[in-house]
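**Student:** File follows, query-v4.csv with CSV, C-alpha atoms and all ligand atoms:
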```csv
chain,number,residue,atom,x,y,z
A,1,MET,CA,1.4,3.2,-47.2
A,2,THR,CA,4.1,2.9,-44.6
A,3,THR,CA,7.1,1.0,-46.0
A,4,THR,CA,9.7,1.4,-43.3
A,5,ILE,CA,9.6,2.1,-39.6
A,6,THR,CA,12.6,3.5,-37.8
A,7,ILE,CA,12.5,3.6,-34.0
A,8,ARG,CA,15.0,3.9,-31.1
A,9,ARG,CA,16.6,0.5,-30.5
A,10,PRO,CA,14.2,-1.6,-28.3
A,11,ASP,CA,15.0,-3.5,-25.2
A,12,ASP,CA,13.6,-6.9,-24.1
A,13,TRP,CA,12.3,-6.6,-20.5
A,14,HIS,CA,12.1,-10.4,-20.0
A,15,VAL,CA,14.2,-13.1,-21.7
A,16,HIS,CA,15.7,-16.5,-20.9
A,17,LEU,CA,19.2,-16.8,-22.3
A,18,ARG,CA,20.0,-20.1,-20.5
A,19,ASP,CA,23.7,-21.3,-20.1
A,20,ASP,CA,26.4,-23.3,-21.7
A,21,ALA,CA,25.7,-24.6,-25.3
A,22,MET,CA,22.2,-23.2,-25.4
A,23,LEU,CA,23.4,-19.7,-24.3
A,24,GLN,CA,26.0,-19.9,-27.1
A,25,GLY,CA,23.3,-20.7,-29.6
A,26,VAL,CA,20.6,-18.2,-28.6
A,27,ALA,CA,22.3,-15.1,-27.2
A,28,SER,CA,23.0,-13.5,-30.6
A,29,TYR,CA,19.3,-13.7,-31.6
A,30,THR,CA,18.4,-11.4,-28.8
A,31,ALA,CA,21.5,-9.1,-29.2
A,32,ARG,CA,20.7,-8.7,-32.9
A,33,GLN,CA,17.4,-6.9,-32.2
A,34,PHE,CA,17.7,-5.5,-28.7
A,35,ALA,CA,20.1,-3.2,-26.9
A,36,ARG,CA,19.4,-4.5,-23.4
A,37,ALA,CA,17.5,-7.3,-21.9
A,38,ILE,CA,16.3,-8.3,-18.4
A,39,VAL,CA,17.9,-11.8,-18.1
A,40,MET,CA,15.9,-14.3,-16.1
A,41,PRO,CA,17.8,-16.1,-13.3
A,42,ASN,CA,16.1,-19.5,-13.5
A,43,LEU,CA,19.3,-21.5,-14.3
A,44,THR,CA,20.1,-24.7,-12.4
A,45,PRO,CA,21.1,-23.7,-9.8
A,46,PRO,CA,19.3,-20.4,-9.9
A,47,ILE,CA,21.2,-17.0,-9.7
A,48,THR,CA,20.9,-16.0,-6.0
A,49,THR,CA,24.1,-14.2,-5.4
A,50,VAL,CA,25.9,-11.1,-6.7
A,51,GLU,CA,28.9,-13.3,-7.7
A,52,ALA,CA,26.8,-15.8,-9.6
A,53,ALA,CA,25.0,-12.9,-11.5
A,54,SER,CA,28.3,-11.2,-12.3
A,55,ALA,CA,29.8,-14.5,-13.6
A,56,TYR,CA,26.7,-15.2,-15.7
A,57,ARG,CA,26.8,-11.7,-17.2
A,58,ASP,CA,30.4,-12.4,-18.2
A,59,ARG,CA,29.4,-15.7,-19.8
A,60,ILE,CA,26.6,-13.9,-21.8
A,61,MET,CA,29.1,-11.4,-23.1
A,62,ALA,CA,31.5,-14.1,-24.0
A,63,ALA,CA,28.8,-15.9,-26.0
A,64,LEU,CA,28.5,-12.8,-28.3
A,65,PRO,CA,30.9,-11.6,-31.0
A,66,ASP,CA,33.6,-9.2,-29.7
A,67,GLY,CA,32.4,-5.7,-29.3
A,68,ALA,CA,28.7,-6.6,-29.5
A,69,ALA,CA,26.6,-3.6,-28.4
A,70,PHE,CA,24.4,-5.5,-26.0
A,71,GLU,CA,23.9,-5.1,-22.3
A,72,PRO,CA,22.5,-7.9,-20.2
A,73,LEU,CA,20.6,-6.6,-17.2
A,74,MET,CA,20.8,-9.2,-14.4
A,75,THR,CA,18.2,-10.4,-12.0
A,76,CYS,CA,18.3,-12.1,-8.6
A,77,TYR,CA,16.2,-15.2,-8.1
A,78,LEU,CA,14.3,-14.7,-4.8
A,79,THR,CA,14.1,-17.6,-2.4
A,80,ASP,CA,12.4,-18.0,1.0
A,81,ASN,CA,15.6,-17.3,2.9
A,82,LEU,CA,17.6,-14.9,0.7
A,83,ASP,CA,19.4,-12.2,2.7
A,84,PRO,CA,18.0,-8.7,1.9
A,85,GLU,CA,21.5,-7.4,2.2
A,86,GLU,CA,22.6,-9.6,-0.7
A,87,VAL,CA,20.0,-7.9,-2.9
A,88,ARG,CA,21.0,-4.4,-1.7
A,89,ARG,CA,24.7,-5.2,-2.3
A,90,GLY,CA,24.0,-6.4,-5.9
A,91,PHE,CA,21.8,-3.5,-6.8
A,92,GLU,CA,24.2,-0.9,-5.3
A,93,ALA,CA,27.1,-2.6,-7.2
A,94,GLY,CA,25.2,-2.3,-10.5
A,95,VAL,CA,25.0,-6.1,-10.9
A,96,PHE,CA,21.3,-6.7,-10.1
A,97,THR,CA,18.8,-4.5,-12.0
A,98,ALA,CA,15.8,-6.3,-10.7
A,99,ALA,CA,14.8,-9.3,-8.6
A,100,LYS,CA,12.5,-12.1,-9.7
A,101,LEU,CA,9.6,-13.6,-7.8
A,102,TYR,CA,8.8,-17.1,-8.9
A,103,PRO,CA,6.1,-18.7,-6.8
A,104,ALA,CA,7.6,-22.1,-5.9
A,105,GLY,CA,6.7,-24.7,-8.6
A,106,ALA,CA,5.0,-22.3,-11.0
A,107,THR,CA,7.2,-22.9,-14.0
A,108,THR,CA,10.5,-24.2,-15.4
A,109,ASN,CA,13.2,-24.3,-12.7
A,110,SER,CA,11.1,-22.6,-10.1
A,111,ASP,CA,11.4,-25.3,-7.4
A,112,SER,CA,13.5,-23.0,-5.2
A,113,GLY,CA,11.1,-20.1,-5.6
A,114,VAL,CA,9.1,-18.4,-2.9
A,115,THR,CA,6.5,-20.5,-1.0
A,116,ASP,CA,4.9,-17.5,0.7
A,117,VAL,CA,5.4,-13.8,-0.1
A,118,ALA,CA,5.4,-13.1,3.7
A,119,LYS,CA,8.8,-14.9,3.9
A,120,ILE,CA,10.4,-12.3,1.6
A,121,ARG,CA,8.9,-9.3,3.2
A,122,GLY,CA,12.3,-8.1,4.4
A,123,VAL,CA,13.8,-8.3,0.9
A,124,LEU,CA,10.8,-6.4,-0.6
A,125,GLU,CA,11.1,-3.6,1.9
A,126,VAL,CA,14.7,-3.1,1.1
A,127,MET,CA,13.8,-3.1,-2.7
A,128,ALA,CA,11.1,-0.5,-2.1
A,129,GLU,CA,13.7,1.6,-0.2
A,130,ILE,CA,16.4,1.5,-2.9
A,131,GLY,CA,14.0,1.7,-5.8
A,132,MET,CA,14.7,-1.8,-7.3
A,133,VAL,CA,12.1,-3.4,-9.5
A,134,LEU,CA,10.4,-6.6,-8.6
A,135,CYS,CA,9.6,-8.8,-11.6
A,136,VAL,CA,6.7,-11.2,-10.8
A,137,HIS,CA,5.6,-14.5,-12.4
A,138,GLY,CA,2.0,-14.0,-11.5
A,139,GLU,CA,0.4,-17.4,-11.1
A,140,VAL,CA,-0.7,-19.3,-8.0
A,141,THR,CA,0.4,-22.9,-7.8
A,142,ALA,CA,-2.3,-24.5,-5.7
A,143,ALA,CA,-3.3,-27.8,-7.2
A,144,ASP,CA,-7.0,-27.0,-6.8
A,145,ILE,CA,-6.8,-23.9,-8.9
A,146,ASP,CA,-7.5,-24.5,-12.6
A,147,ILE,CA,-4.4,-23.6,-14.7
A,148,PHE,CA,-6.5,-21.1,-16.8
A,149,ASP,CA,-7.5,-19.3,-13.6
A,150,ARG,CA,-4.1,-19.1,-11.9
A,151,GLU,CA,-3.2,-15.6,-13.1
A,152,ALA,CA,-6.5,-14.0,-12.1
A,153,VAL,CA,-6.4,-15.7,-8.7
A,154,PHE,CA,-2.9,-14.5,-8.1
A,155,ILE,CA,-4.0,-10.9,-8.6
A,156,GLU,CA,-6.5,-11.3,-5.7
A,157,GLN,CA,-4.6,-13.6,-3.4
A,158,VAL,CA,-1.0,-12.2,-3.8
A,159,LEU,CA,-0.6,-9.0,-5.9
A,160,LYS,CA,-3.3,-6.8,-4.4
A,161,PRO,CA,-2.3,-7.5,-0.8
A,162,LEU,CA,1.4,-7.1,-1.7
A,163,ILE,CA,0.9,-3.7,-3.3
A,164,ALA,CA,-1.3,-2.6,-0.4
A,165,GLU,CA,1.4,-3.6,2.1
A,166,ILE,CA,4.4,-2.1,0.3
A,167,PRO,CA,2.8,0.7,-1.9
A,168,SER,CA,6.1,2.2,-3.1
A,169,LEU,CA,7.5,-1.1,-4.5
A,170,LYS,CA,8.0,-1.0,-8.3
A,171,VAL,CA,6.4,-4.1,-9.7
A,172,VAL,CA,6.4,-5.6,-13.2
A,173,PHE,CA,3.6,-8.1,-13.6
A,174,GLU,CA,5.3,-10.2,-16.2
A,175,HIS,CA,3.9,-11.8,-19.4
A,176,ILE,CA,0.3,-11.0,-18.6
A,177,THR,CA,-2.3,-13.2,-20.3
A,178,THR,CA,-5.7,-12.1,-19.1
A,179,GLN,CA,-8.2,-9.2,-19.3
A,180,ASP,CA,-8.1,-9.3,-15.5
A,181,ALA,CA,-4.4,-8.5,-15.5
A,182,VAL,CA,-4.9,-5.7,-18.0
A,183,ARG,CA,-7.6,-4.1,-15.9
A,184,PHE,CA,-5.7,-4.6,-12.7
A,185,VAL,CA,-2.5,-2.9,-14.1
A,186,GLU,CA,-4.5,0.0,-15.7
A,187,ALA,CA,-6.2,0.7,-12.3
A,188,ALA,CA,-3.0,0.4,-10.2
A,189,PRO,CA,-0.7,3.3,-9.4
A,190,ALA,CA,2.2,4.3,-11.7
A,191,ASN,CA,4.7,2.0,-9.9
A,192,VAL,CA,2.9,-1.1,-11.3
A,193,ALA,CA,3.5,-2.1,-14.9
A,194,ALA,CA,3.3,-5.2,-17.1
A,195,THR,CA,5.2,-6.9,-19.9
A,196,ILE,CA,3.4,-8.6,-22.8
A,197,THR,CA,4.9,-11.4,-25.0
A,198,PRO,CA,4.4,-11.7,-28.8
A,199,GLN,CA,2.7,-15.1,-28.4
A,200,HIS,CA,0.0,-13.9,-26.1
A,201,LEU,CA,-0.8,-11.2,-28.6
A,202,HIS,CA,-1.0,-13.7,-31.5
A,203,ILE,CA,-2.5,-16.9,-30.1
A,204,ASN,CA,-5.3,-18.0,-27.8
A,205,ARG,CA,-5.6,-21.4,-26.2
A,206,ASN,CA,-6.9,-23.1,-29.4
A,207,ALA,CA,-3.4,-22.8,-30.9
A,208,MET,CA,-2.3,-25.5,-28.4
A,209,LEU,CA,-5.2,-27.8,-28.7
A,210,VAL,CA,-7.2,-27.7,-31.9
A,211,GLY,CA,-6.3,-30.3,-34.5
A,212,GLY,CA,-3.8,-32.0,-32.2
A,213,MET,CA,-1.6,-31.0,-29.3
A,214,ARG,CA,0.9,-28.4,-30.3
A,215,PRO,CA,3.7,-28.3,-27.8
A,216,HIS,CA,5.4,-25.3,-29.5
A,217,ALA,CA,2.4,-23.1,-28.6
A,218,TYR,CA,2.7,-24.1,-24.9
A,219,CYS,CA,4.3,-21.7,-22.5
A,220,LEU,CA,3.5,-20.4,-19.0
A,221,PRO,CA,1.4,-18.6,-18.2
A,222,VAL,CA,-0.6,-20.6,-20.7
A,223,ALA,CA,-2.5,-18.8,-23.5
A,224,LYS,CA,-6.1,-18.1,-22.6
A,225,ARG,CA,-9.4,-17.5,-24.3
A,226,GLU,CA,-9.8,-15.1,-27.3
A,227,LEU,CA,-11.3,-12.3,-25.2
A,228,HIS,CA,-8.1,-12.2,-23.2
A,229,ARG,CA,-5.9,-12.0,-26.3
A,230,LEU,CA,-8.0,-9.1,-27.6
A,231,ALA,CA,-7.6,-7.3,-24.2
A,232,LEU,CA,-3.8,-7.8,-24.4
A,233,ARG,CA,-3.7,-6.4,-28.0
A,234,ARG,CA,-5.7,-3.3,-26.9
A,235,ALA,CA,-3.3,-2.8,-23.9
A,236,ALA,CA,-0.1,-3.2,-25.9
A,237,THR,CA,-1.2,-0.8,-28.6
A,238,SER,CA,-2.9,1.7,-26.3
A,239,GLY,CA,0.1,3.9,-25.8
A,240,LEU,CA,-0.2,3.6,-22.0
A,241,PRO,CA,3.3,3.7,-20.5
A,242,LYS,CA,2.4,0.8,-18.1
A,243,PHE,CA,2.7,-1.8,-20.9
A,244,PHE,CA,5.9,-2.7,-22.5
A,245,LEU,CA,7.8,-5.3,-24.4
A,246,GLY,CA,9.1,-8.5,-22.8
A,247,THR,CA,9.4,-11.5,-25.1
A,248,ASP,CA,9.7,-14.3,-22.5
A,249,SER,CA,11.7,-16.0,-25.2
A,250,ALA,CA,12.3,-19.4,-23.5
A,251,PRO,CA,14.2,-21.9,-25.7
A,252,HIS,CA,14.0,-25.6,-25.0
A,253,THR,CA,15.4,-28.3,-27.3
A,254,ARG,CA,13.0,-29.8,-29.8
A,255,SER,CA,13.0,-33.1,-28.0
A,256,ALA,CA,12.2,-31.5,-24.7
A,257,LYS,CA,9.2,-29.8,-26.3
A,258,GLU,CA,8.0,-32.7,-28.3
A,259,SER,CA,7.7,-35.1,-25.5
A,260,ALA,CA,5.1,-36.9,-23.3
A,261,CYS,CA,5.7,-34.1,-20.8
A,262,GLY,CA,6.8,-31.2,-22.9
A,263,CYS,CA,8.5,-28.2,-21.4
A,264,ALA,CA,6.8,-24.8,-21.1
A,265,GLY,CA,8.4,-22.1,-23.2
A,266,ILE,CA,8.2,-20.5,-26.6
A,267,PHE,CA,11.4,-19.5,-28.5
A,268,ASN,CA,10.5,-16.2,-30.1
A,269,ALA,CA,13.9,-14.3,-30.1
A,270,PRO,CA,14.8,-14.7,-33.8
A,271,PHE,CA,11.8,-12.7,-35.2
A,272,ALA,CA,10.5,-11.0,-32.0
A,273,LEU,CA,10.2,-7.5,-33.5
A,274,GLU,CA,8.6,-8.7,-36.7
A,275,SER,CA,6.1,-10.6,-34.6
A,276,TYR,CA,5.2,-7.6,-32.4
A,277,LEU,CA,5.0,-5.2,-35.4
A,278,ALA,CA,2.5,-7.4,-37.1
A,279,VAL,CA,0.2,-6.8,-34.2
A,280,PHE,CA,0.6,-3.1,-34.2
A,281,GLU,CA,0.0,-2.9,-37.9
A,282,ALA,CA,-3.2,-5.0,-37.7
A,283,GLU,CA,-4.4,-2.8,-34.8
A,284,GLU,CA,-3.7,0.3,-36.9
A,285,ALA,CA,-1.4,1.5,-34.1
A,286,LEU,CA,2.1,1.7,-35.8
A,287,GLU,CA,2.6,5.1,-34.1
A,288,GLN,CA,2.4,3.4,-30.7
A,289,PHE,CA,5.1,0.8,-31.5
A,290,GLU,CA,8.1,2.8,-30.4
A,291,GLY,CA,6.6,3.6,-27.0
A,292,PHE,CA,5.9,-0.1,-26.3
A,293,ALA,CA,9.2,-1.4,-27.7
A,294,SER,CA,11.7,1.3,-26.7
A,295,LEU,CA,10.4,4.0,-24.4
A,296,HIS,CA,8.0,2.7,-21.7
A,297,GLY,CA,10.4,0.1,-20.3
A,298,PRO,CA,13.4,2.4,-19.7
A,299,ALA,CA,11.0,5.1,-18.2
A,300,PHE,CA,9.7,2.5,-15.7
A,301,TYR,CA,13.1,1.2,-14.8
A,302,GLY,CA,14.6,4.7,-14.6
A,303,LEU,CA,17.1,4.0,-17.3
A,304,PRO,CA,18.1,6.1,-20.3
A,305,VAL,CA,16.5,5.4,-23.6
A,306,ASN,CA,18.8,3.9,-26.3
A,307,GLU,CA,20.3,6.5,-28.7
A,308,GLU,CA,20.8,4.3,-31.7
A,309,ALA,CA,18.0,3.5,-34.1
A,310,ILE,CA,16.7,0.4,-35.9
A,311,THR,CA,14.6,0.0,-39.0
A,312,LEU,CA,12.0,-2.6,-40.0
A,313,GLU,CA,11.0,-2.8,-43.7
A,314,LYS,CA,7.6,-3.8,-45.0
A,315,ARG,CA,8.6,-6.9,-46.8
A,316,ASP,CA,8.0,-10.6,-46.0
A,317,THR,CA,10.0,-12.6,-43.6
A,318,GLY,CA,9.6,-16.4,-44.0
A,319,VAL,CA,10.1,-17.9,-40.6
A,320,PRO,CA,11.9,-21.3,-41.0
A,321,GLU,CA,10.6,-24.5,-39.5
A,322,THR,CA,13.8,-24.7,-37.3
A,323,VAL,CA,16.6,-22.4,-36.5
A,324,ASP,CA,20.1,-23.4,-35.7
A,325,ALA,CA,21.3,-22.6,-32.2
A,326,GLY,CA,24.9,-23.7,-31.8
A,327,GLY,CA,24.2,-27.0,-33.6
A,328,GLU,CA,20.9,-27.6,-31.8
A,329,GLN,CA,17.7,-27.3,-33.8
A,330,LEU,CA,15.1,-25.1,-32.1
A,331,VAL,CA,11.5,-24.5,-33.4
A,332,PRO,CA,10.9,-20.8,-33.4
A,333,PHE,CA,7.5,-19.0,-32.8
A,334,HIS,CA,5.7,-18.6,-36.1
A,335,ALA,CA,7.6,-21.6,-37.6
A,336,GLY,CA,6.6,-22.1,-41.2
A,337,GLN,CA,4.7,-18.8,-41.4
A,338,THR,CA,5.3,-15.5,-43.1
A,339,LEU,CA,5.5,-12.2,-41.3
A,340,GLY,CA,5.0,-9.0,-43.2
A,341,TRP,CA,7.9,-7.0,-41.8
A,342,THR,CA,11.7,-7.6,-41.9
A,343,PHE,CA,14.2,-6.4,-39.4
A,344,ALA,CA,16.8,-4.5,-41.4
A,345,GLY,CA,19.2,-3.6,-38.5
A,401,LIG,C1,10.1,-20.2,-18.9
A,401,LIG,C2,11.3,-21.1,-19.1
A,401,LIG,O1,11.3,-22.0,-19.9
A,401,LIG,O2,12.3,-20.8,-18.4
A,401,LIG,N1,9.0,-20.9,-19.6
A,401,LIG,C3,7.8,-20.3,-20.0
A,401,LIG,O3,6.9,-21.0,-20.5
A,401,LIG,N2,7.7,-19.0,-20.1
A,401,LIG,C4,9.8,-19.9,-17.5
A,401,LIG,C5,8.8,-18.8,-17.3
A,401,LIG,O4,9.1,-17.6,-17.6
A,401,LIG,O5,7.7,-19.1,-16.8
A,402,ZN,ZN,10.0,-16.2,-18.5
```
For this file, produce the structure as C-alpha cells.
**Tutor:**
Amino acid sequence: MTTTITIRRPDDWHVHLRDDAMLQGVASYTARQFARAIVMPNLTPPITTVEAASAYRDRIMAALPDGAAFEPLMTCYLTDNLDPEEVRRGFEAGVFTAAKLYPAGATTNSDSGVTDVAKIRGVLEVMAEIGMVLCVHGEVTAADIDIFDREAVFIEQVLKPLIAEIPSLKVVFEHITTQDAVRFVEAAPANVAATITPQHLHINRNAMLVGGMRPHAYCLPVAKRELHRLALRRAATSGLPKFFLGTDSAPHTRSAKESACGCAGIFNAPFALESYLAVFEAEEALEQFEGFASLHGPAFYGLPVNEEAITLEKRDTGVPETVDAGGEQLVPFHAGQTLGWTFAG
C-alpha cells in the first residue's frame, strides 16, 4: 500500500486571497501548500490597473513570513471599457499573468464585470497576440436562466462563439461543474483548458440542501447533480493535460456565510491537497495526481514547473470546525471530517 506521495510542489491556478485583515489571515494557508497561485482580482474596487496589481502583490508578500517561497501571479479584472494597452503593458512588465472575465453580476464582487463579450473584443485580440491567458467565470447571468443551467448555457451562448472568433486565445474555463463543460473542454483545441475545485469533486447539490440549508457548501458556480460530479472526477483523474488544479478557495466570515443571504464561496485552502488526494485515491489514480496538481497548469501557462518537492503521508487529518484567520473564525471545507492524508511539507 502507498504510504507516502512525493510530487513537485503544486500551484493553485485560481484563488481568492482578499485584502486587509482577511488577507493577513488566509495567505499563509495557500503559501504553505502551493508555490504559486493565480490570484483573483475581485477586490473592492477590483484590480483593473498595472499599479493596483503591483501594489496588491506587495501586500500579499507582506502578509507572509519573511522569505516565504511563494509567488502570487496577478490577474487583471476585465471591464467593458478597459484599455487593451493597459493589459498589454501589465503583461509585458511581468505584473499580469492572466486576465479575468467575470460576466457582470455573476458572483461576489462582479458588478463591474463584462456586460457583453463583444465590448472587450479589442482586449481579447491583444491577449491572443501576446499569448496571455484569459480566465473565465463561465456562467450566464440572465434572470430567466435557471442557476443550475447557467454554465451549460454559457458554453453555447458565449464560449463557443468566442473561441470560434479568436481561435488562438488561451482560455481557462474555471471551476467547471458540469459534464457539459468536461465534454466541451475535451473536444476543444489545446489552447482551451479547465480548472476543477476540490468541492466540485466531493459534493453534489444535495450537500447544500438535504437535512437543512448548508451555507458552507454554497459556492458559485453552484454544485450540480451527481452525474456531473462523477464526470468531473473522471476528468481530473484522467491524466489529460487540459484539466488542472484551481481551488477557488473563497473565504468569507462565518457571519457572512450564515446569513439570510449567505455569500457564495468555500474556504478550502487549509487542506486543499489532502482534499484533492482523497479523490485521486478513491478513483485509483494516484499516479495522475502530480500531473493535475503540478505539471498541467505550468505547461498550459508556459511557465516552468517547480523544482522543489512536497510529501503527503497516508495518515488521518482531522479537519477542525473552524480555523483561525487573523482572529477571524472561518469554517473550512470538510469541517469536522477526517481526511486520509496529511500534508507533511
Ligand atoms: C468567489 C468569491 O467569493 O470571491 N465565490 C465563489 O463562490 N467561488 C467568486 C467566484 O470565484 O465566483
Ligand atoms: Zn473564484
**Student:** To check your reading of the model: which residues sit at most 10 Å from ligand LIG 401 (chain A) when counting only C-alpha atoms and all ligand atoms? Write the answer as number ranges by chain.
**Tutor:** A: 14-18, 40-43, 102, 105-110, 136-139, 174-175, 197, 217-222, 247-252, 263-267
**Student:** Would you please work out which residue, of A:Pro215, A:Phe173, A:Thr141, A:Arg57, is nearest to ligand ZN 402 (chain A) when using only C-alpha atoms and all ligand atoms?
**Tutor:**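 Of all the options, A:Phe173 lies closest to ligand ZN 402 (chain A).
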**Student:** Compile the contact shell of stretch 300-313 of chain A as number ranges by chain: residues with an atom at most 7 Å away, counting only C-alpha atoms, same-chain residues fewer than 2 positions apart removed.
**Tutor:** A: 3-9, 295-298, 315, 341-345
**Student:** Output the selection as a PDB file, in the coordinates of the input - C-alpha atoms for each residue.
**Tutor:**
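Wrote it out as selection-v6.pdb, contents follow:
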```
ATOM      1  CA  THR A   3       7.100   1.000 -46.000  1.00  0.00           C
ATOM      2  CA  THR A   4       9.700   1.400 -43.300  1.00  0.00           C
ATOM      3  CA  ILE A   5       9.600   2.100 -39.600  1.00  0.00           C
ATOM      4  CA  THR A   6      12.600   3.500 -37.800  1.00  0.00           C
ATOM      5  CA  ILE A   7      12.500   3.600 -34.000  1.00  0.00           C
ATOM      6  CA  ARG A   8      15.000   3.900 -31.100  1.00  0.00           C
ATOM      7  CA  ARG A   9      16.600   0.500 -30.500  1.00  0.00           C
ATOM      8  CA  LEU A 295      10.400   4.000 -24.400  1.00  0.00           C
ATOM      9  CA  HIS A 296       8.000   2.700 -21.700  1.00  0.00           C
ATOM     10  CA  GLY A 297      10.400   0.100 -20.300  1.00  0.00           C
ATOM     11  CA  PRO A 298      13.400   2.400 -19.700  1.00  0.00           C
ATOM     12  CA  ARG A 315       8.600  -6.900 -46.800  1.00  0.00           C
ATOM     13  CA  TRP A 341       7.900  -7.000 -41.800  1.00  0.00           C
ATOM     14  CA  THR A 342      11.700  -7.600 -41.900  1.00  0.00           C
ATOM     15  CA  PHE A 343      14.200  -6.400 -39.400  1.00  0.00           C
ATOM     16  CA  ALA A 344      16.800  -4.500 -41.400  1.00  0.00           C
ATOM     17  CA  GLY A 345      19.200  -3.600 -38.500  1.00  0.00           C
TER      18      GLY A 345
END
```
**Student:** Taking only C-alpha atoms and all ligand atoms into account, which of A:Ala27, A:Leu169, A:Lys100, A:Val210 comes nearest ligand ZN 402 (chain A)?
**Tutor:**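 Residue with the minimum atom-to-atom distance to ligand ZN 402 (chain A): A:Lys100.
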**Student:** In Å to one decimal, how far is atom CA of A:Gln24 from atom CA of A:Leu134?
**Tutor:**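 Atom CA of A:Gln24 lies 27.6 Å from atom CA of A:Leu134.
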**Student:** So, with all atoms listed in the file as the atoms that count, which of A:Pro72, A:Val182, A:Asp316, A:Cys135 lies closest to ligand ZN 402 (chain A)?
**Tutor:**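 Distance minimum relative to ligand ZN 402 (chain A) lands on A:Cys135.
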**Student:** I need the residue nearest ligand ZN 402 (chain A) from this list: A:Pro270, A:Gly246, A:Pro241, A:Pro65. Use only C-alpha atoms and all ligand atoms for the distance.
**Tutor:**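 Closest to ligand ZN 402 (chain A) of all the choices is A:Gly246.
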**Student:** Quick one: residues within 10 Å of (-10.1, -6.0, -23.9) (file frame), counting all atoms listed in the file, please, as a VMD selection string.
**Tutor:** chain A and resid 178 to 180 182 to 183 226 to 235
**Student:** Could you check how far atom CA of A:Ile120 sits from atom CA of A:Leu162, in Å to one decimal?
**Tutor:**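 That distance, rounded to one decimal, is 10.9 Å.
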**Student:** Between A:Thr195, A:Ser168, A:Ser54, A:Ser259, which has the minimum distance to ligand ZN 402 (chain A) (counting all atoms listed in the file)?
**Tutor:**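 Nearest candidate to ligand ZN 402 (chain A) out of A:Thr195, A:Ser168, A:Ser54, A:Ser259: A:Thr195.
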**Student:** Since the input lacks atoms, please generate all heavy atoms for stretch 206-211 of chain A and provide them as a PDB file, keeping the file's coordinate frame.
**Tutor:**
```pdb
ATOM      1  N   ASN A 206      -6.685 -22.117 -28.267  1.00  0.00           N
ATOM      2  CA  ASN A 206      -6.900 -23.100 -29.400  1.00  0.00           C
ATOM      3  C   ASN A 206      -5.646 -23.455 -30.078  1.00  0.00           C
ATOM      4  O   ASN A 206      -5.534 -24.576 -30.576  1.00  0.00           O
ATOM      5  CB  ASN A 206      -7.877 -22.428 -30.399  1.00  0.00           C
ATOM      6  CG  ASN A 206      -9.308 -22.396 -29.922  1.00  0.00           C
ATOM      7  OD1 ASN A 206      -9.586 -22.729 -28.774  1.00  0.00           O
ATOM      8  ND2 ASN A 206     -10.213 -22.000 -30.791  1.00  0.00           N
ATOM      9  N   ALA A 207      -4.684 -22.532 -30.134  1.00  0.00           N
ATOM     10  CA  ALA A 207      -3.400 -22.800 -30.900  1.00  0.00           C
ATOM     11  C   ALA A 207      -2.730 -24.043 -30.281  1.00  0.00           C
ATOM     12  O   ALA A 207      -1.987 -24.729 -30.984  1.00  0.00           O
ATOM     13  CB  ALA A 207      -2.515 -21.607 -30.803  1.00  0.00           C
ATOM     14  N   MET A 208      -2.981 -24.315 -29.010  1.00  0.00           N
ATOM     15  CA  MET A 208      -2.300 -25.500 -28.400  1.00  0.00           C
ATOM     16  C   MET A 208      -3.066 -26.769 -28.596  1.00  0.00           C
ATOM     17  O   MET A 208      -2.490 -27.842 -28.498  1.00  0.00           O
ATOM     18  CB  MET A 208      -2.313 -25.272 -26.841  1.00  0.00           C
ATOM     19  CG  MET A 208      -1.245 -24.403 -26.317  1.00  0.00           C
ATOM     20  SD  MET A 208      -1.353 -24.369 -24.513  1.00  0.00           S
ATOM     21  CE  MET A 208      -2.991 -23.752 -24.229  1.00  0.00           C
ATOM     22  N   LEU A 209      -4.388 -26.653 -28.848  1.00  0.00           N
ATOM     23  CA  LEU A 209      -5.200 -27.800 -28.700  1.00  0.00           C
ATOM     24  C   LEU A 209      -6.083 -28.229 -29.872  1.00  0.00           C
ATOM     25  O   LEU A 209      -6.589 -29.353 -29.914  1.00  0.00           O
ATOM     26  CB  LEU A 209      -6.156 -27.622 -27.460  1.00  0.00           C
ATOM     27  CG  LEU A 209      -5.405 -27.450 -26.136  1.00  0.00           C
ATOM     28  CD1 LEU A 209      -6.334 -26.958 -25.039  1.00  0.00           C
ATOM     29  CD2 LEU A 209      -4.740 -28.747 -25.720  1.00  0.00           C
ATOM     30  N   VAL A 210      -6.280 -27.323 -30.835  1.00  0.00           N
ATOM     31  CA  VAL A 210      -7.200 -27.700 -31.900  1.00  0.00           C
ATOM     32  C   VAL A 210      -6.392 -28.395 -33.034  1.00  0.00           C
ATOM     33  O   VAL A 210      -5.328 -27.938 -33.449  1.00  0.00           O
ATOM     34  CB  VAL A 210      -7.835 -26.380 -32.525  1.00  0.00           C
ATOM     35  CG1 VAL A 210      -8.594 -26.697 -33.807  1.00  0.00           C
ATOM     36  CG2 VAL A 210      -8.780 -25.773 -31.495  1.00  0.00           C
ATOM     37  N   GLY A 211      -6.918 -29.530 -33.465  1.00  0.00           N
ATOM     38  CA  GLY A 211      -6.300 -30.300 -34.500  1.00  0.00           C
ATOM     39  C   GLY A 211      -5.080 -31.080 -34.080  1.00  0.00           C
ATOM     40  O   GLY A 211      -4.279 -31.528 -34.896  1.00  0.00           O
TER      41      GLY A 211
END
```
